Structure formats: structure tokens, C-alpha cells
Amino acid sequence: MIGASYKIANFNSVLKIKKKQQGVNNDLTLNFNLQLNNNTALIRKIDVNTTQATSGTRTLGINFSANYVMSKRITLGAFFDHQVNTPLVSTTSYPTTNTNYGISVNVSLAK
């Protein structure tokens, strides 16, 4: 798994927005993760000295998210998640791909 994160402080200045809120840093946080997994189950025949895969999958995952602090109580977010599962033995299952993406608005009602 490889991950990286980057924070752009005072993102309003990058957008050329003049409005400055007291006590709030309008930061943009970016996160990226890349994951590669390989799971296998093997049968070993000692008498003939062979090894054979019986099941398993190779999984590739890509995750990206961005969060922007608009005010003390409101945070906007966007995410992208992509998973690819490839079976090692084609007789047991089929390759599958799942993709999720969306936006979120978090509102804090606490003081």
C-alpha cells in the first residue's frame, strides 16, 4: 500500500477569494492511496514435486479524496474509490470492477 497526503493552507488565496473568516483556515486536504494485494491458495504434491494454484485473487485499489473547510461548521468533500479483482484461477470466478464516487457536505451543529 502506498499513500500520500497534501494540505494546501488558505486555499481561498489560491482561488483569489478575498473573504477571510476569523478563526478558520480554509484548507484543502488531498489524500491518495494505491493498494495491490495478491492472495493465493496452493496445493503442493510432494510425491511429484509440483505446486498448483487452487484459488486466489489479485486486487488493485485506488482511493482519492479531497476535503475543503468552508467555515467552522461546514466541510465539503469529494471521493473516488476504484477496486479491480482478478481471479488467479479462472474456473472459480470472474473478474470484477467496482467504482464509487461522490460528494459530501459535513455540517457540525455542536458549539
# chains A, B, ... in the order shown; residues from 1 in each chain; ligands from 1

$ residues_around --residues "Asn106 (chain A)" --least-positions-apart "4" --cutoff "7 Å" --atoms "only C-alpha atoms" --output "ChimeraX atom specification"
/A:74-76

$ residues_around --residues "Pro95 (chain A)" --least-positions-apart "4" --cutoff "12 Å" --atoms "only C-alpha atoms" --output "number ranges by chain"
A: 56-60, 83-91

$ write_last_selection --atoms "N, CA and C atoms" --output "PDB file, in the first residue's frame"
ATOM      1  N   GLY A  56      -7.702 -17.843  -5.445  1.00  0.00           N
ATOM      2  CA  GLY A  56      -6.996 -16.629  -5.068  1.00  0.00           C
ATOM      3  C   GLY A  56      -7.386 -15.477  -5.971  1.00  0.00           C
ATOM      4  N   THR A  57      -7.069 -14.295  -5.524  1.00  0.00           N
ATOM      5  CA  THR A  57      -7.378 -13.095  -6.306  1.00  0.00           C
ATOM      6  C   THR A  57      -6.217 -12.110  -6.237  1.00  0.00           C
ATOM      7  N   ARG A  58      -6.155 -11.300  -7.263  1.00  0.00           N
ATOM      8  CA  ARG A  58      -5.239 -10.166  -7.295  1.00  0.00           C
ATOM      9  C   ARG A  58      -6.133  -8.929  -7.260  1.00  0.00           C
ATOM     10  N   THR A  59      -5.913  -8.052  -6.270  1.00  0.00           N
ATOM     11  CA  THR A  59      -6.765  -6.893  -6.060  1.00  0.00           C
ATOM     12  C   THR A  59      -5.954  -5.613  -6.200  1.00  0.00           C
ATOM     13  N   LEU A  60      -6.478  -4.689  -7.002  1.00  0.00           N
ATOM     14  CA  LEU A  60      -5.891  -3.370  -7.171  1.00  0.00           C
ATOM     15  C   LEU A  60      -6.906  -2.351  -6.685  1.00  0.00           C
ATOM     16  N   GLN A  83     -11.880  -0.363  -7.355  1.00  0.00           N
ATOM     17  CA  GLN A  83     -11.348  -1.672  -6.979  1.00  0.00           C
ATOM     18  C   GLN A  83     -11.451  -2.619  -8.173  1.00  0.00           C
ATOM     19  N   VAL A  84     -10.371  -3.315  -8.478  1.00  0.00           N
ATOM     20  CA  VAL A  84     -10.354  -4.318  -9.543  1.00  0.00           C
ATOM     21  C   VAL A  84      -9.915  -5.639  -8.928  1.00  0.00           C
ATOM     22  N   ASN A  85     -10.757  -6.675  -9.036  1.00  0.00           N
ATOM     23  CA  ASN A  85     -10.461  -8.009  -8.524  1.00  0.00           C
ATOM     24  C   ASN A  85     -10.313  -8.967  -9.699  1.00  0.00           C
ATOM     25  N   THR A  86      -9.151  -9.586  -9.808  1.00  0.00           N
ATOM     26  CA  THR A  86      -8.879 -10.534 -10.888  1.00  0.00           C
ATOM     27  C   THR A  86      -8.584 -11.895 -10.270  1.00  0.00           C
ATOM     28  N   PRO A  87      -9.369 -12.932 -10.623  1.00  0.00           N
ATOM     29  CA  PRO A  87      -9.100 -14.261 -10.051  1.00  0.00           C
ATOM     30  C   PRO A  87      -7.835 -14.872 -10.659  1.00  0.00           C
ATOM     31  N   LEU A  88      -7.119 -15.621  -9.847  1.00  0.00           N
ATOM     32  CA  LEU A  88      -5.919 -16.297 -10.346  1.00  0.00           C
ATOM     33  C   LEU A  88      -6.261 -17.582 -11.078  1.00  0.00           C
ATOM     34  N   VAL A  89      -7.362 -18.214 -10.686  1.00  0.00           N
ATOM     35  CA  VAL A  89      -7.847 -19.417 -11.359  1.00  0.00           C
ATOM     36  C   VAL A  89      -9.188 -19.044 -11.979  1.00  0.00           C
ATOM     37  N   SER A  90      -9.275 -19.066 -13.289  1.00  0.00           N
ATOM     38  CA  SER A  90     -10.462 -18.538 -13.971  1.00  0.00           C
ATOM     39  C   SER A  90     -11.701 -19.426 -13.824  1.00  0.00           C
ATOM     40  N   THR A  91     -11.558 -20.645 -13.341  1.00  0.00           N
ATOM     41  CA  THR A  91     -12.725 -21.524 -13.217  1.00  0.00           C
ATOM     42  C   THR A  91     -13.543 -21.228 -11.960  1.00  0.00           C
TER      43      THR A  91
END

$ residues_around --residues "Gly3 (chain A)" --least-positions-apart "3" --cutoff "12 Å" --atoms "only C-alpha atoms" --output "list in words"
Tyr6, Leu30, Asn31, Phe32, Asn33, Leu34, Gln35, Leu36, Gly61, Ile62, Asn63, Phe64 and Ser65 of chain A

$ atom_distance --atom1 "CA of Lys72 (chain A)" --atom2 "CA of Asp27 (chain A)"
11.4 Å

$ select_by_dssp --residues "chain A" --states "strand (DSSP E or B)" --output "PDB file with N, CA and C atoms, in the first residue's frame"
ATOM      1  N   ILE A   2       0.572   2.160  -0.861  1.00  0.00           N
ATOM      2  CA  ILE A   2       1.286   3.425  -0.959  1.00  0.00           C
ATOM      3  C   ILE A   2       0.269   4.533  -0.761  1.00  0.00           C
ATOM      4  N   GLY A   3       0.575   5.477   0.087  1.00  0.00           N
ATOM      5  CA  GLY A   3      -0.342   6.571   0.339  1.00  0.00           C
ATOM      6  C   GLY A   3       0.378   7.900   0.364  1.00  0.00           C
ATOM      7  N   ALA A   4      -0.342   8.933  -0.021  1.00  0.00           N
ATOM      8  CA  ALA A   4       0.211  10.286   0.003  1.00  0.00           C
ATOM      9  C   ALA A   4      -0.900  11.250   0.379  1.00  0.00           C
ATOM     10  N   SER A   5      -0.515  12.292   1.087  1.00  0.00           N
ATOM     11  CA  SER A   5      -1.469  13.307   1.504  1.00  0.00           C
ATOM     12  C   SER A   5      -0.814  14.668   1.362  1.00  0.00           C
ATOM     13  N   TYR A   6      -1.610  15.659   0.968  1.00  0.00           N
ATOM     14  CA  TYR A   6      -1.082  17.009   0.801  1.00  0.00           C
ATOM     15  C   TYR A   6      -2.129  17.997   1.275  1.00  0.00           C
ATOM     16  N   LYS A   7      -1.697  18.997   1.994  1.00  0.00           N
ATOM     17  CA  LYS A   7      -2.606  20.018   2.513  1.00  0.00           C
ATOM     18  C   LYS A   7      -2.212  21.370   1.948  1.00  0.00           C
ATOM     19  N   ILE A   8      -3.175  22.057   1.334  1.00  0.00           N
ATOM     20  CA  ILE A   8      -2.965  23.404   0.820  1.00  0.00           C
ATOM     21  C   ILE A   8      -3.594  24.362   1.821  1.00  0.00           C
ATOM     22  N   LEU A  28      -7.452  22.953   2.031  1.00  0.00           N
ATOM     23  CA  LEU A  28      -7.845  21.858   1.149  1.00  0.00           C
ATOM     24  C   LEU A  28      -6.893  20.702   1.425  1.00  0.00           C
ATOM     25  N   THR A  29      -7.450  19.549   1.806  1.00  0.00           N
ATOM     26  CA  THR A  29      -6.651  18.361   2.103  1.00  0.00           C
ATOM     27  C   THR A  29      -6.907  17.318   1.025  1.00  0.00           C
ATOM     28  N   LEU A  30      -5.844  16.828   0.404  1.00  0.00           N
ATOM     29  CA  LEU A  30      -5.925  15.819  -0.656  1.00  0.00           C
ATOM     30  C   LEU A  30      -5.276  14.530  -0.161  1.00  0.00           C
ATOM     31  N   ASN A  31      -5.941  13.397  -0.369  1.00  0.00           N
ATOM     32  CA  ASN A  31      -5.426  12.081   0.033  1.00  0.00           C
ATOM     33  C   ASN A  31      -5.483  11.136  -1.154  1.00  0.00           C
ATOM     34  N   PHE A  32      -4.416  10.339  -1.342  1.00  0.00           N
ATOM     35  CA  PHE A  32      -4.358   9.351  -2.414  1.00  0.00           C
ATOM     36  C   PHE A  32      -3.753   8.070  -1.857  1.00  0.00           C
ATOM     37  N   ASN A  33      -4.399   6.939  -2.127  1.00  0.00           N
ATOM     38  CA  ASN A  33      -3.905   5.627  -1.705  1.00  0.00           C
ATOM     39  C   ASN A  33      -3.943   4.663  -2.881  1.00  0.00           C
ATOM     40  N   LEU A  34      -2.896   3.878  -3.016  1.00  0.00           N
ATOM     41  CA  LEU A  34      -2.803   2.835  -4.032  1.00  0.00           C
ATOM     42  C   LEU A  34      -2.480   1.541  -3.311  1.00  0.00           C
ATOM     43  N   GLN A  35      -3.272   0.499  -3.577  1.00  0.00           N
ATOM     44  CA  GLN A  35      -3.130  -0.766  -2.861  1.00  0.00           C
ATOM     45  C   GLN A  35      -3.116  -1.914  -3.857  1.00  0.00           C
ATOM     46  N   LEU A  36      -2.185  -2.851  -3.671  1.00  0.00           N
ATOM     47  CA  LEU A  36      -2.102  -4.043  -4.507  1.00  0.00           C
ATOM     48  C   LEU A  36      -1.969  -5.249  -3.592  1.00  0.00           C
ATOM     49  N   ASN A  37      -2.929  -6.164  -3.663  1.00  0.00           N
ATOM     50  CA  ASN A  37      -2.930  -7.385  -2.848  1.00  0.00           C
ATOM     51  C   ASN A  37      -2.945  -8.601  -3.754  1.00  0.00           C
ATOM     52  N   ASN A  38      -2.287  -9.657  -3.309  1.00  0.00           N
ATOM     53  CA  ASN A  38      -2.269 -10.913  -4.047  1.00  0.00           C
ATOM     54  C   ASN A  38      -2.488 -12.040  -3.042  1.00  0.00           C
ATOM     55  N   ASN A  39      -3.647 -12.696  -3.104  1.00  0.00           N
ATOM     56  CA  ASN A  39      -3.994 -13.796  -2.200  1.00  0.00           C
ATOM     57  C   ASN A  39      -4.073 -15.084  -3.006  1.00  0.00           C
ATOM     58  N   THR A  40      -3.384 -16.133  -2.529  1.00  0.00           N
ATOM     59  CA  THR A  40      -3.411 -17.406  -3.252  1.00  0.00           C
ATOM     60  C   THR A  40      -3.564 -18.569  -2.280  1.00  0.00           C
ATOM     61  N   ALA A  41      -4.174 -19.620  -2.785  1.00  0.00           N
ATOM     62  CA  ALA A  41      -4.241 -20.896  -2.074  1.00  0.00           C
ATOM     63  C   ALA A  41      -3.609 -21.934  -3.000  1.00  0.00           C
ATOM     64  N   LEU A  42      -2.686 -22.712  -2.479  1.00  0.00           N
ATOM     65  CA  LEU A  42      -1.920 -23.657  -3.297  1.00  0.00           C
ATOM     66  C   LEU A  42      -2.093 -25.086  -2.809  1.00  0.00           C
ATOM     67  N   ILE A  43      -1.988 -26.017  -3.743  1.00  0.00           N
ATOM     68  CA  ILE A  43      -1.896 -27.442  -3.426  1.00  0.00           C
ATOM     69  C   ILE A  43      -0.486 -27.875  -3.813  1.00  0.00           C
ATOM     70  N   ARG A  44       0.191 -28.485  -2.860  1.00  0.00           N
ATOM     71  CA  ARG A  44       1.539 -28.983  -3.136  1.00  0.00           C
ATOM     72  C   ARG A  44       1.509 -30.506  -3.127  1.00  0.00           C
ATOM     73  N   LYS A  45       1.944 -31.098  -4.240  1.00  0.00           N
ATOM     74  CA  LYS A  45       2.048 -32.562  -4.347  1.00  0.00           C
ATOM     75  C   LYS A  45       3.518 -32.926  -4.192  1.00  0.00           C
ATOM     76  N   THR A  50       5.235 -30.845  -7.465  1.00  0.00           N
ATOM     77  CA  THR A  50       4.539 -29.785  -8.199  1.00  0.00           C
ATOM     78  C   THR A  50       3.706 -28.949  -7.228  1.00  0.00           C
ATOM     79  N   THR A  51       3.444 -27.732  -7.654  1.00  0.00           N
ATOM     80  CA  THR A  51       2.588 -26.813  -6.911  1.00  0.00           C
ATOM     81  C   THR A  51       1.548 -26.261  -7.865  1.00  0.00           C
ATOM     82  N   GLN A  52       0.271 -26.233  -7.426  1.00  0.00           N
ATOM     83  CA  GLN A  52      -0.812 -25.775  -8.292  1.00  0.00           C
ATOM     84  C   GLN A  52      -1.700 -24.805  -7.506  1.00  0.00           C
ATOM     85  N   ALA A  53      -2.034 -23.680  -8.135  1.00  0.00           N
ATOM     86  CA  ALA A  53      -2.936 -22.715  -7.506  1.00  0.00           C
ATOM     87  C   ALA A  53      -4.367 -23.237  -7.602  1.00  0.00           C
ATOM     88  N   THR A  54      -5.104 -23.189  -6.485  1.00  0.00           N
ATOM     89  CA  THR A  54      -6.499 -23.641  -6.484  1.00  0.00           C
ATOM     90  C   THR A  54      -7.483 -22.477  -6.413  1.00  0.00           C
ATOM     91  N   SER A  55      -7.101 -21.400  -5.775  1.00  0.00           N
ATOM     92  CA  SER A  55      -7.961 -20.216  -5.722  1.00  0.00           C
ATOM     93  C   SER A  55      -7.109 -19.024  -5.322  1.00  0.00           C
ATOM     94  N   GLY A  56      -7.702 -17.843  -5.445  1.00  0.00           N
ATOM     95  CA  GLY A  56      -6.996 -16.629  -5.068  1.00  0.00           C
ATOM     96  C   GLY A  56      -7.386 -15.477  -5.971  1.00  0.00           C
ATOM     97  N   THR A  57      -7.069 -14.295  -5.524  1.00  0.00           N
ATOM     98  CA  THR A  57      -7.378 -13.095  -6.306  1.00  0.00           C
ATOM     99  C   THR A  57      -6.217 -12.110  -6.237  1.00  0.00           C
ATOM    100  N   ARG A  58      -6.155 -11.300  -7.263  1.00  0.00           N
ATOM    101  CA  ARG A  58      -5.239 -10.166  -7.295  1.00  0.00           C
ATOM    102  C   ARG A  58      -6.133  -8.929  -7.260  1.00  0.00           C
ATOM    103  N   THR A  59      -5.913  -8.052  -6.270  1.00  0.00           N
ATOM    104  CA  THR A  59      -6.765  -6.893  -6.060  1.00  0.00           C
ATOM    105  C   THR A  59      -5.954  -5.613  -6.200  1.00  0.00           C
ATOM    106  N   LEU A  60      -6.478  -4.689  -7.002  1.00  0.00           N
ATOM    107  CA  LEU A  60      -5.891  -3.370  -7.171  1.00  0.00           C
ATOM    108  C   LEU A  60      -6.906  -2.351  -6.685  1.00  0.00           C
ATOM    109  N   GLY A  61      -6.500  -1.472  -5.798  1.00  0.00           N
ATOM    110  CA  GLY A  61      -7.397  -0.447  -5.270  1.00  0.00           C
ATOM    111  C   GLY A  61      -6.793   0.934  -5.410  1.00  0.00           C
ATOM    112  N   ILE A  62      -7.602   1.884  -5.869  1.00  0.00           N
ATOM    113  CA  ILE A  62      -7.191   3.281  -5.997  1.00  0.00           C
ATOM    114  C   ILE A  62      -8.217   4.122  -5.255  1.00  0.00           C
ATOM    115  N   ASN A  63      -7.761   4.911  -4.288  1.00  0.00           N
ATOM    116  CA  ASN A  63      -8.645   5.768  -3.500  1.00  0.00           C
ATOM    117  C   ASN A  63      -8.121   7.192  -3.552  1.00  0.00           C
ATOM    118  N   PHE A  64      -9.041   8.141  -3.769  1.00  0.00           N
ATOM    119  CA  PHE A  64      -8.695   9.555  -3.758  1.00  0.00           C
ATOM    120  C   PHE A  64      -9.792  10.314  -3.028  1.00  0.00           C
ATOM    121  N   SER A  65      -9.408  11.257  -2.189  1.00  0.00           N
ATOM    122  CA  SER A  65     -10.395  12.100  -1.516  1.00  0.00           C
ATOM    123  C   SER A  65      -9.845  13.510  -1.361  1.00  0.00           C
ATOM    124  N   ALA A  66     -10.765  14.474  -1.342  1.00  0.00           N
ATOM    125  CA  ALA A  66     -10.420  15.881  -1.143  1.00  0.00           C
ATOM    126  C   ALA A  66     -11.428  16.467  -0.171  1.00  0.00           C
ATOM    127  N   ASN A  67     -10.944  17.213   0.820  1.00  0.00           N
ATOM    128  CA  ASN A  67     -11.804  17.864   1.809  1.00  0.00           C
ATOM    129  C   ASN A  67     -11.440  19.335   1.888  1.00  0.00           C
ATOM    130  N   TYR A  68     -12.459  20.196   1.846  1.00  0.00           N
ATOM    131  CA  TYR A  68     -12.268  21.645   1.885  1.00  0.00           C
ATOM    132  C   TYR A  68     -13.062  22.216   3.049  1.00  0.00           C
ATOM    133  N   VAL A  69     -12.388  22.950   3.919  1.00  0.00           N
ATOM    134  CA  VAL A  69     -13.029  23.564   5.076  1.00  0.00           C
ATOM    135  C   VAL A  69     -13.579  24.918   4.636  1.00  0.00           C
ATOM    136  N   ILE A  74     -18.846  23.892   8.406  1.00  0.00           N
ATOM    137  CA  ILE A  74     -19.153  23.250   7.118  1.00  0.00           C
ATOM    138  C   ILE A  74     -17.863  22.808   6.428  1.00  0.00           C
ATOM    139  N   THR A  75     -17.839  21.524   6.040  1.00  0.00           N
ATOM    140  CA  THR A  75     -16.725  20.955   5.283  1.00  0.00           C
ATOM    141  C   THR A  75     -17.285  20.248   4.054  1.00  0.00           C
ATOM    142  N   LEU A  76     -16.730  20.568   2.890  1.00  0.00           N
ATOM    143  CA  LEU A  76     -17.114  19.904   1.638  1.00  0.00           C
ATOM    144  C   LEU A  76     -16.091  18.819   1.327  1.00  0.00           C
ATOM    145  N   GLY A  77     -16.562  17.709   0.788  1.00  0.00           N
ATOM    146  CA  GLY A  77     -15.663  16.619   0.448  1.00  0.00           C
ATOM    147  C   GLY A  77     -16.051  15.960  -0.857  1.00  0.00           C
ATOM    148  N   ALA A  78     -15.066  15.356  -1.513  1.00  0.00           N
ATOM    149  CA  ALA A  78     -15.286  14.565  -2.720  1.00  0.00           C
ATOM    150  C   ALA A  78     -14.401  13.328  -2.608  1.00  0.00           C
ATOM    151  N   PHE A  79     -14.893  12.205  -3.152  1.00  0.00           N
ATOM    152  CA  PHE A  79     -14.110  10.969  -3.069  1.00  0.00           C
ATOM    153  C   PHE A  79     -14.273  10.150  -4.337  1.00  0.00           C
ATOM    154  N   PHE A  80     -13.276   9.292  -4.588  1.00  0.00           N
ATOM    155  CA  PHE A  80     -13.268   8.359  -5.707  1.00  0.00           C
ATOM    156  C   PHE A  80     -12.606   7.084  -5.217  1.00  0.00           C
ATOM    157  N   ASP A  81     -13.259   5.939  -5.440  1.00  0.00           N
ATOM    158  CA  ASP A  81     -12.761   4.644  -4.994  1.00  0.00           C
ATOM    159  C   ASP A  81     -12.927   3.659  -6.139  1.00  0.00           C
ATOM    160  N   HIS A  82     -11.847   3.010  -6.553  1.00  0.00           N
ATOM    161  CA  HIS A  82     -11.875   2.068  -7.678  1.00  0.00           C
ATOM    162  C   HIS A  82     -11.180   0.778  -7.245  1.00  0.00           C
ATOM    163  N   GLN A  83     -11.880  -0.363  -7.355  1.00  0.00           N
ATOM    164  CA  GLN A  83     -11.348  -1.672  -6.979  1.00  0.00           C
ATOM    165  C   GLN A  83     -11.451  -2.619  -8.173  1.00  0.00           C
ATOM    166  N   VAL A  84     -10.371  -3.315  -8.478  1.00  0.00           N
ATOM    167  CA  VAL A  84     -10.354  -4.318  -9.543  1.00  0.00           C
ATOM    168  C   VAL A  84      -9.915  -5.639  -8.928  1.00  0.00           C
ATOM    169  N   ASN A  85     -10.757  -6.675  -9.036  1.00  0.00           N
ATOM    170  CA  ASN A  85     -10.461  -8.009  -8.524  1.00  0.00           C
ATOM    171  C   ASN A  85     -10.313  -8.967  -9.699  1.00  0.00           C
ATOM    172  N   THR A  86      -9.151  -9.586  -9.808  1.00  0.00           N
ATOM    173  CA  THR A  86      -8.879 -10.534 -10.888  1.00  0.00           C
ATOM    174  C   THR A  86      -8.584 -11.895 -10.270  1.00  0.00           C
ATOM    175  N   PRO A  87      -9.369 -12.932 -10.623  1.00  0.00           N
ATOM    176  CA  PRO A  87      -9.100 -14.261 -10.051  1.00  0.00           C
ATOM    177  C   PRO A  87      -7.835 -14.872 -10.659  1.00  0.00           C
ATOM    178  N   THR A  96     -13.954  -8.744 -11.529  1.00  0.00           N
ATOM    179  CA  THR A  96     -14.948  -7.737 -11.168  1.00  0.00           C
ATOM    180  C   THR A  96     -14.268  -6.388 -10.957  1.00  0.00           C
ATOM    181  N   THR A  97     -15.030  -5.337 -11.226  1.00  0.00           N
ATOM    182  CA  THR A  97     -14.564  -3.974 -11.019  1.00  0.00           C
ATOM    183  C   THR A  97     -15.660  -3.201 -10.307  1.00  0.00           C
ATOM    184  N   ASN A  98     -15.298  -2.489  -9.248  1.00  0.00           N
ATOM    185  CA  ASN A  98     -16.238  -1.658  -8.503  1.00  0.00           C
ATOM    186  C   ASN A  98     -15.698  -0.241  -8.442  1.00  0.00           C
ATOM    187  N   THR A  99     -16.559   0.730  -8.737  1.00  0.00           N
ATOM    188  CA  THR A  99     -16.184   2.130  -8.679  1.00  0.00           C
ATOM    189  C   THR A  99     -17.230   2.895  -7.889  1.00  0.00           C
ATOM    190  N   ASN A 100     -16.784   3.669  -6.917  1.00  0.00           N
ATOM    191  CA  ASN A 100     -17.652   4.533  -6.124  1.00  0.00           C
ATOM    192  C   ASN A 100     -17.084   5.945  -6.174  1.00  0.00           C
ATOM    193  N   TYR A 101     -17.969   6.920  -6.289  1.00  0.00           N
ATOM    194  CA  TYR A 101     -17.541   8.305  -6.256  1.00  0.00           C
ATOM    195  C   TYR A 101     -18.694   9.156  -5.750  1.00  0.00           C
ATOM    196  N   GLY A 102     -18.374  10.324  -5.261  1.00  0.00           N
ATOM    197  CA  GLY A 102     -19.435  11.179  -4.759  1.00  0.00           C
ATOM    198  C   GLY A 102     -18.898  12.401  -4.052  1.00  0.00           C
ATOM    199  N   ILE A 103     -19.839  13.169  -3.510  1.00  0.00           N
ATOM    200  CA  ILE A 103     -19.503  14.355  -2.748  1.00  0.00           C
ATOM    201  C   ILE A 103     -20.197  14.279  -1.398  1.00  0.00           C
ATOM    202  N   SER A 104     -19.691  15.004  -0.437  1.00  0.00           N
ATOM    203  CA  SER A 104     -20.288  15.017   0.888  1.00  0.00           C
ATOM    204  C   SER A 104     -20.230  16.432   1.446  1.00  0.00           C
ATOM    205  N   VAL A 105     -21.221  16.739   2.268  1.00  0.00           N
ATOM    206  CA  VAL A 105     -21.254  18.001   2.990  1.00  0.00           C
ATOM    207  C   VAL A 105     -21.401  17.646   4.461  1.00  0.00           C
ATOM    208  N   ASN A 106     -20.448  18.033   5.281  1.00  0.00           N
ATOM    209  CA  ASN A 106     -20.487  17.773   6.712  1.00  0.00           C
ATOM    210  C   ASN A 106     -20.819  19.076   7.424  1.00  0.00           C
ATOM    211  N   VAL A 107     -21.892  19.035   8.205  1.00  0.00           N
ATOM    212  CA  VAL A 107     -22.322  20.200   8.974  1.00  0.00           C
ATOM    213  C   VAL A 107     -22.254  19.836  10.443  1.00  0.00           C
TER     214      VAL A 107
END

$ atom_distance --atom1 "CA of Ser71 (chain A)" --atom2 "CA of Asn26 (chain A)"
7.1 Å

$ select_by_dssp --residues "region 1-108 of chain A" --states "alpha helix (DSSP H)" --output "list of chain:residue names"
A:Phe11, A:Asn12, A:Ser13, A:Val14

$ write_last_selection --atoms "N, CA and C atoms" --output "compact mmCIF listing (two decimals), in the first residue's frame"
# COMPACT_ATOMS: atom_id res chain seq x y z
N PHE A 11 -6.60 27.91 1.13
CA PHE A 11 -6.95 27.66 -0.27
C PHE A 11 -7.72 28.82 -0.87
N ASN A 12 -8.35 29.66 -0.07
CA ASN A 12 -9.06 30.84 -0.58
C ASN A 12 -8.11 31.77 -1.31
N SER A 13 -6.87 31.88 -0.86
CA SER A 13 -5.92 32.75 -1.54
C SER A 13 -5.53 32.18 -2.91
N VAL A 14 -5.54 30.86 -3.06
CA VAL A 14 -5.26 30.24 -4.35
C VAL A 14 -6.42 30.51 -5.32
